[in-house]
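**Q** So here's data_32.csv, just CSV, C-alpha atoms:
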chain,number,residue,atom,x,y,z
A,1184,ILE,CA,26.0,-24.4,13.1
A,1185,ALA,CA,22.4,-23.3,12.5
A,1186,VAL,CA,21.2,-19.9,11.4
A,1187,SER,CA,18.5,-19.7,14.1
A,1188,ASP,CA,17.1,-21.5,17.1
A,1189,TYR,CA,14.2,-22.4,14.8
A,1190,VAL,CA,16.6,-24.4,12.6
A,1191,ALA,CA,18.7,-25.7,15.6
A,1192,GLY,CA,15.6,-27.4,16.9
A,1193,PHE,CA,15.5,-29.6,13.8
A,1194,TYR,CA,19.2,-30.5,14.1
A,1195,ARG,CA,19.2,-31.3,17.8
A,1196,GLY,CA,16.9,-34.2,17.2
A,1197,VAL,CA,19.0,-35.6,14.4
A,1198,VAL,CA,22.7,-35.1,15.1
A,1199,ARG,CA,24.7,-36.2,18.1
A,1200,LEU,CA,26.9,-33.1,18.1
A,1201,PRO,CA,26.4,-29.8,19.8
A,1202,VAL,CA,24.4,-27.3,17.8
A,1203,LYS,CA,25.3,-23.7,18.0
A,1204,VAL,CA,23.4,-20.7,16.5
A,1205,ALA,CA,25.1,-18.1,14.3
A,1206,TYR,CA,22.7,-15.6,12.9
A,1207,PRO,CA,23.3,-14.8,9.2
A,1208,TYR,CA,24.9,-11.6,8.1
A,1209,ALA,CA,22.8,-8.8,6.7
A,1210,ASP,CA,24.3,-5.7,5.2
A,1211,ILE,CA,22.3,-3.4,7.5
A,1212,ASP,CA,24.7,-0.4,6.8
A,1213,HIS,CA,23.2,-0.3,3.3
A,1214,TYR,CA,19.7,-0.1,4.7
A,1215,ASP,CA,20.4,1.8,7.9
A,1216,GLY,CA,18.2,4.9,7.9
A,1217,ASP,CA,14.7,6.1,8.0
A,1218,TYR,CA,13.6,5.0,4.5
A,1219,GLY,CA,10.2,3.5,5.3
A,1220,ASP,CA,7.1,5.7,4.9
A,1221,LEU,CA,5.3,5.1,8.2
A,1222,ARG,CA,2.4,7.3,7.2
A,1223,SER,CA,1.6,5.1,4.2
A,1224,LYS,CA,-0.6,2.1,4.4
A,1225,ASN,CA,1.6,0.1,2.2
A,1226,ILE,CA,3.2,-3.4,2.5
A,1227,VAL,CA,6.3,-4.8,0.9
A,1228,PHE,CA,7.7,-8.4,0.6
A,1229,LEU,CA,11.1,-9.4,-0.7
A,1230,GLY,CA,11.9,-13.1,-1.4
A,1231,LYS,CA,11.4,-16.0,-3.7
A,1232,MET,CA,7.9,-16.3,-4.9
A,1233,MET,CA,7.4,-19.8,-3.6
A,1234,PRO,CA,4.6,-21.4,-1.5
A,1235,TYR,CA,6.9,-22.0,1.5
A,1236,LYS,CA,7.4,-18.2,1.7
A,1237,GLY,CA,3.7,-17.7,2.3
A,1238,VAL,CA,3.1,-15.3,-0.6
A,1239,ASP,CA,-0.3,-16.8,-1.1
A,1240,ILE,CA,-1.1,-16.1,2.5
A,1241,LEU,CA,0.2,-12.5,2.0
A,1242,LEU,CA,-2.1,-12.0,-1.0
A,1243,ASP,CA,-5.1,-13.3,0.8
A,1244,ALA,CA,-4.3,-11.0,3.8
A,1245,PHE,CA,-3.8,-8.1,1.4
A,1246,ARG,CA,-7.3,-8.6,-0.1
A,1247,MET,CA,-8.7,-8.3,3.4
A,1248,ILE,CA,-6.6,-5.2,4.1
A,1249,ARG,CA,-7.8,-3.5,0.9
A,1250,GLU,CA,-11.4,-3.9,2.1
A,1251,LYS,CA,-10.6,-1.7,5.1
A,1252,ARG,CA,-7.8,0.4,3.6
A,1253,PRO,CA,-8.4,0.7,-0.1
A,1254,GLU,CA,-5.5,3.1,-0.4
A,1255,SER,CA,-3.1,0.3,0.6
A,1256,ARG,CA,-0.6,-1.1,-1.9
A,1257,LEU,CA,1.4,-4.3,-1.9
A,1258,TYR,CA,4.9,-4.4,-3.5
A,1259,LEU,CA,6.3,-7.8,-4.3
A,1260,MET,CA,10.0,-8.1,-5.0
A,1261,GLY,CA,11.9,-11.3,-5.7
A,1262,HIS,CA,12.6,-14.1,-8.0
A,1263,PHE,CA,9.8,-16.0,-9.7
A,1264,LYS,CA,10.1,-19.6,-10.6
A,1265,ASP,CA,7.8,-20.5,-13.5
A,1266,GLY,CA,4.7,-22.3,-12.3
A,1267,ALA,CA,5.5,-22.0,-8.6
A,1268,LEU,CA,2.9,-19.4,-7.8
A,1269,LYS,CA,0.2,-17.8,-9.9
A,1270,LEU,CA,-0.1,-14.1,-9.1
A,1271,PRO,CA,-3.6,-12.6,-9.4
A,1272,ASP,CA,-4.5,-9.4,-11.2
A,1273,MET,CA,-5.4,-7.4,-8.1
A,1274,ASP,CA,-5.9,-3.7,-7.5
A,1275,GLY,CA,-3.1,-2.2,-5.4
A,1276,LEU,CA,-0.6,-5.0,-6.3
A,1277,THR,CA,2.8,-4.1,-7.8
A,1278,VAL,CA,4.9,-7.0,-8.9
A,1279,ALA,CA,8.4,-5.6,-9.2
A,1280,GLY,CA,10.2,-9.0,-9.6
A,1281,LYS,CA,13.9,-9.1,-9.1
A,1282,VAL,CA,15.3,-5.6,-8.2
A,1283,ASP,CA,18.8,-4.4,-7.8
A,1284,ASP,CA,18.0,-2.3,-4.7
A,1285,PRO,CA,14.9,-2.8,-2.6
A,1286,LEU,CA,15.2,0.6,-1.0
A,1287,GLU,CA,13.0,2.0,-3.8
A,1288,TYR,CA,10.1,-0.1,-2.6
A,1289,PHE,CA,11.0,-0.1,1.1
A,1290,SER,CA,10.7,3.7,1.0
A,1291,LYS,CA,7.0,3.4,-0.2
A,1292,ALA,CA,5.9,1.1,2.6
A,1293,CYS,CA,5.4,1.1,6.4
A,1294,ILE,CA,5.1,-2.7,6.8
A,1295,TYR,CA,7.3,-5.6,5.7
A,1296,MET,CA,5.1,-8.7,5.8
A,1297,HIS,CA,6.7,-12.2,5.8
A,1298,PRO,CA,4.1,-15.0,6.5
A,1299,ALA,CA,6.4,-17.9,5.8
A,1300,ARG,CA,5.2,-21.5,6.3
A,1301,GLU,CA,8.9,-22.3,7.0
A,1302,GLU,CA,11.9,-20.0,6.8
A,1303,ALA,CA,15.4,-20.7,8.3
A,1304,PHE,CA,15.9,-17.0,9.0
A,1305,GLY,CA,14.9,-14.5,6.4
A,1306,ILE,CA,17.6,-11.9,6.0
A,1307,SER,CA,15.2,-9.6,4.1
A,1308,ILE,CA,13.3,-9.2,7.3
A,1309,ILE,CA,16.3,-7.7,9.1
A,1310,GLU,CA,17.1,-5.5,6.1
A,1311,ALA,CA,13.6,-4.2,6.1
A,1312,CYS,CA,13.8,-3.4,9.8
A,1313,ALA,CA,17.1,-1.6,9.2
A,1314,ALA,CA,15.4,0.5,6.6
A,1315,GLY,CA,12.8,1.6,9.1
A,1316,LEU,CA,9.9,-0.7,8.2
A,1317,LEU,CA,7.7,-2.5,10.8
A,1318,PRO,CA,7.9,-6.3,10.3
A,1319,ILE,CA,5.0,-8.6,10.6
A,1320,VAL,CA,6.3,-12.2,10.5
A,1321,SER,CA,5.3,-15.7,10.9
A,1322,ALA,CA,6.5,-17.6,14.0
A,1323,ASN,CA,7.8,-20.2,11.5
A,1324,THR,CA,10.8,-18.0,10.6
A,1325,GLY,CA,14.0,-17.8,12.5
A,1326,ALA,CA,13.9,-14.0,12.5
A,1327,ALA,CA,10.8,-14.3,14.7
A,1328,GLU,CA,13.1,-15.1,17.6
A,1329,VAL,CA,14.8,-11.7,17.1
A,1330,ILE,CA,11.6,-9.8,16.7
A,1331,ARG,CA,9.4,-11.4,19.4
A,1332,PRO,CA,11.5,-10.1,22.3
A,1333,ILE,CA,11.2,-6.5,21.0
A,1334,CYS,CA,7.5,-6.6,20.1
A,1335,PRO,CA,5.6,-9.9,20.4
A,1336,GLU,CA,2.6,-8.4,18.6
A,1337,LEU,CA,4.6,-8.4,15.3
A,1338,VAL,CA,5.0,-12.2,15.3
A,1339,VAL,CA,1.9,-14.1,14.1
A,1340,ASP,CA,1.6,-17.6,15.5
A,1341,SER,CA,-0.8,-18.9,12.8
A,1342,LEU,CA,-0.9,-19.0,9.0
A,1343,ASP,CA,-4.4,-17.6,8.8
A,1344,PRO,CA,-4.5,-14.6,6.5
A,1345,ALA,CA,-7.1,-12.9,8.7
A,1346,ASP,CA,-4.5,-12.8,11.5
A,1347,TYR,CA,-2.0,-11.0,9.3
A,1348,CYS,CA,-4.7,-8.6,8.2
A,1349,GLU,CA,-5.6,-7.8,11.8
A,1350,ARG,CA,-1.9,-7.2,12.7
A,1351,ALA,CA,-1.4,-5.0,9.6
A,1352,LEU,CA,-4.5,-2.9,10.3
A,1353,ALA,CA,-3.3,-2.4,13.9
A,1354,VAL,CA,0.1,-1.2,12.8
A,1355,MET,CA,-1.5,1.2,10.3
A,1356,GLU,CA,-3.5,2.9,13.0
Translate this file's structure into structure tokens.

**A**
Amino acid sequence: IAVSDYVAGFYRGVVRLPVKVAYPYADIDHYDGDYGDLRSKNIVFLGKMMPYKGVDILLDAFRMIREKRPESRLYLMGHFKDGALKLPDMDGLTVAGKVDDPLEYFSKACIYMHPAREEAFGISIIEACAAGLLPIVSANTGAAEVIRPICPELVVDSLDPADYCERALAVME
């Protein structure tokens, strides 16, 4: 059993058994509502601060976004593993770390950005959507297969920070 077609593709080449997809559970009832601030120009991320999550790509994209939208803010929530990622001192960046309830930061943003290099699914993406945020995600995440049929423009097929910047600015319009 795989958590997405993205992951199932890996298994199908390795195992000689049928591979079925069962999407992971997200407590969307907790997030269900209009919590996002769609008038803001702010972005949020929730996840481990690890290179495979693409946080470095997100930071580079945010630098570009700030050039066009200096009022934008980026809120990073999640667990930090010492030495895994060096976060810069950057205007507009709030590093919240591990939080008990992401709604506090979801309510300040209009975009949830997840530029993962590789992500089996990304439950935080679905939680952010349930809270009313617009997701901009990498095609390298299983959640992209749920988002792409709804709005293909929200899925980025590259890992180029400029592409994430471009999508975010379009959403902010």

**Q** Which value, in Å to one decimal, gives the distance between CA of Pro1318 in chain A and CA of Val1202 in chain A?

**A**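 So the answer is 27.7 Å.
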
**Q** What separation in Å, quoted to one decimal, exists between CA of Leu1352 in chain A and CA of Leu1229 in chain A?

**A**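 CA of Leu1229 in chain A lies 20.2 Å from CA of Leu1352 in chain A.
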
**Q** Near His1262 in chain A, within 9 Å and counting all atoms listed in the file, which residues show up once chain neighbours fewer than 5 positions away are dropped, as a PDB file with C-alpha atoms, in the coordinates of the input?

**A**
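Printed below is part.pdb as written:
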ATOM      1  CA  LEU A1229      11.100  -9.400  -0.700  1.00  0.00           C
ATOM      2  CA  GLY A1230      11.900 -13.100  -1.400  1.00  0.00           C
ATOM      3  CA  LYS A1231      11.400 -16.000  -3.700  1.00  0.00           C
ATOM      4  CA  MET A1232       7.900 -16.300  -4.900  1.00  0.00           C
ATOM      5  CA  MET A1233       7.400 -19.800  -3.600  1.00  0.00           C
ATOM      6  CA  GLY A1280      10.200  -9.000  -9.600  1.00  0.00           C
ATOM      7  CA  LYS A1281      13.900  -9.100  -9.100  1.00  0.00           C
ATOM      8  CA  VAL A1282      15.300  -5.600  -8.200  1.00  0.00           C
TER       9      VAL A1282
END

**Q** Would you kindly return, as a PyMOL selection string, each protein, DNA or RNA residue with an atom no farther than 8 Å from any atom of range 1285-1294 of chain A, considering all atoms listed in the file and excluding same-chain residues fewer than 6 positions away?

**A** chain A and resi 1214+1218-1227+1229+1258+1260+1311+1314-1319+1351+1354-1355

**Q** Write the residues you've just listed into a file as a short mmCIF file (atom, residue, chain, number, x, y, z; two decimals), keeping the file's coordinate frame, and include C-alpha atoms for each of them.

**A**
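Saved file result.cif follows:
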data_model
loop_
_atom_site.label_atom_id
_atom_site.label_comp_id
_atom_site.auth_asym_id
_atom_site.auth_seq_id
_atom_site.Cartn_x
_atom_site.Cartn_y
_atom_site.Cartn_z
CA TYR A 1214 19.70 -0.10 4.70
CA TYR A 1218 13.60 5.00 4.50
CA GLY A 1219 10.20 3.50 5.30
CA ASP A 1220 7.10 5.70 4.90
CA LEU A 1221 5.30 5.10 8.20
CA ARG A 1222 2.40 7.30 7.20
CA SER A 1223 1.60 5.10 4.20
CA LYS A 1224 -0.60 2.10 4.40
CA ASN A 1225 1.60 0.10 2.20
CA ILE A 1226 3.20 -3.40 2.50
CA VAL A 1227 6.30 -4.80 0.90
CA LEU A 1229 11.10 -9.40 -0.70
CA TYR A 1258 4.90 -4.40 -3.50
CA MET A 1260 10.00 -8.10 -5.00
CA ALA A 1311 13.60 -4.20 6.10
CA ALA A 1314 15.40 0.50 6.60
CA GLY A 1315 12.80 1.60 9.10
CA LEU A 1316 9.90 -0.70 8.20
CA LEU A 1317 7.70 -2.50 10.80
CA PRO A 1318 7.90 -6.30 10.30
CA ILE A 1319 5.00 -8.60 10.60
CA ALA A 1351 -1.40 -5.00 9.60
CA VAL A 1354 0.10 -1.20 12.80
CA MET A 1355 -1.50 1.20 10.30
#

**Q** Please measure the separation of CA of Tyr1194 in chain A and CA of Glu1310 in chain A, giving the value in Å to one decimal.

**A**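 CA of Glu1310 in chain A lies 26.3 Å from CA of Tyr1194 in chain A.
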
**Q** With all atoms listed in the file as the basis for distance, which of A:Ile1309, A:Ala1205, A:Met1296, A:Leu1242 is at the shortest distance from Asp1272 in chain A?

**A**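 Of A:Ile1309, A:Ala1205, A:Met1296, A:Leu1242, the one nearest Asp1272 in chain A is A:Leu1242, counting all atoms listed in the file.
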
**Q** Which one is closest to Arg1246 in chain A: A:Asp1274, A:Leu1259, A:Ala1185, A:Ala1279? Count all atoms listed in the file.

**A**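 The answer is A:Asp1274, which sits nearest to Arg1246 in chain A.
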
**Q** Here is a test: counting only C-alpha atoms, which residue of A:Tyr1208, A:Tyr1189, A:Phe1245, A:Tyr1347 is nearest to Glu1301 in chain A?

**A**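 Among the listed residues, the smallest separation from Glu1301 in chain A belongs to A:Tyr1189.
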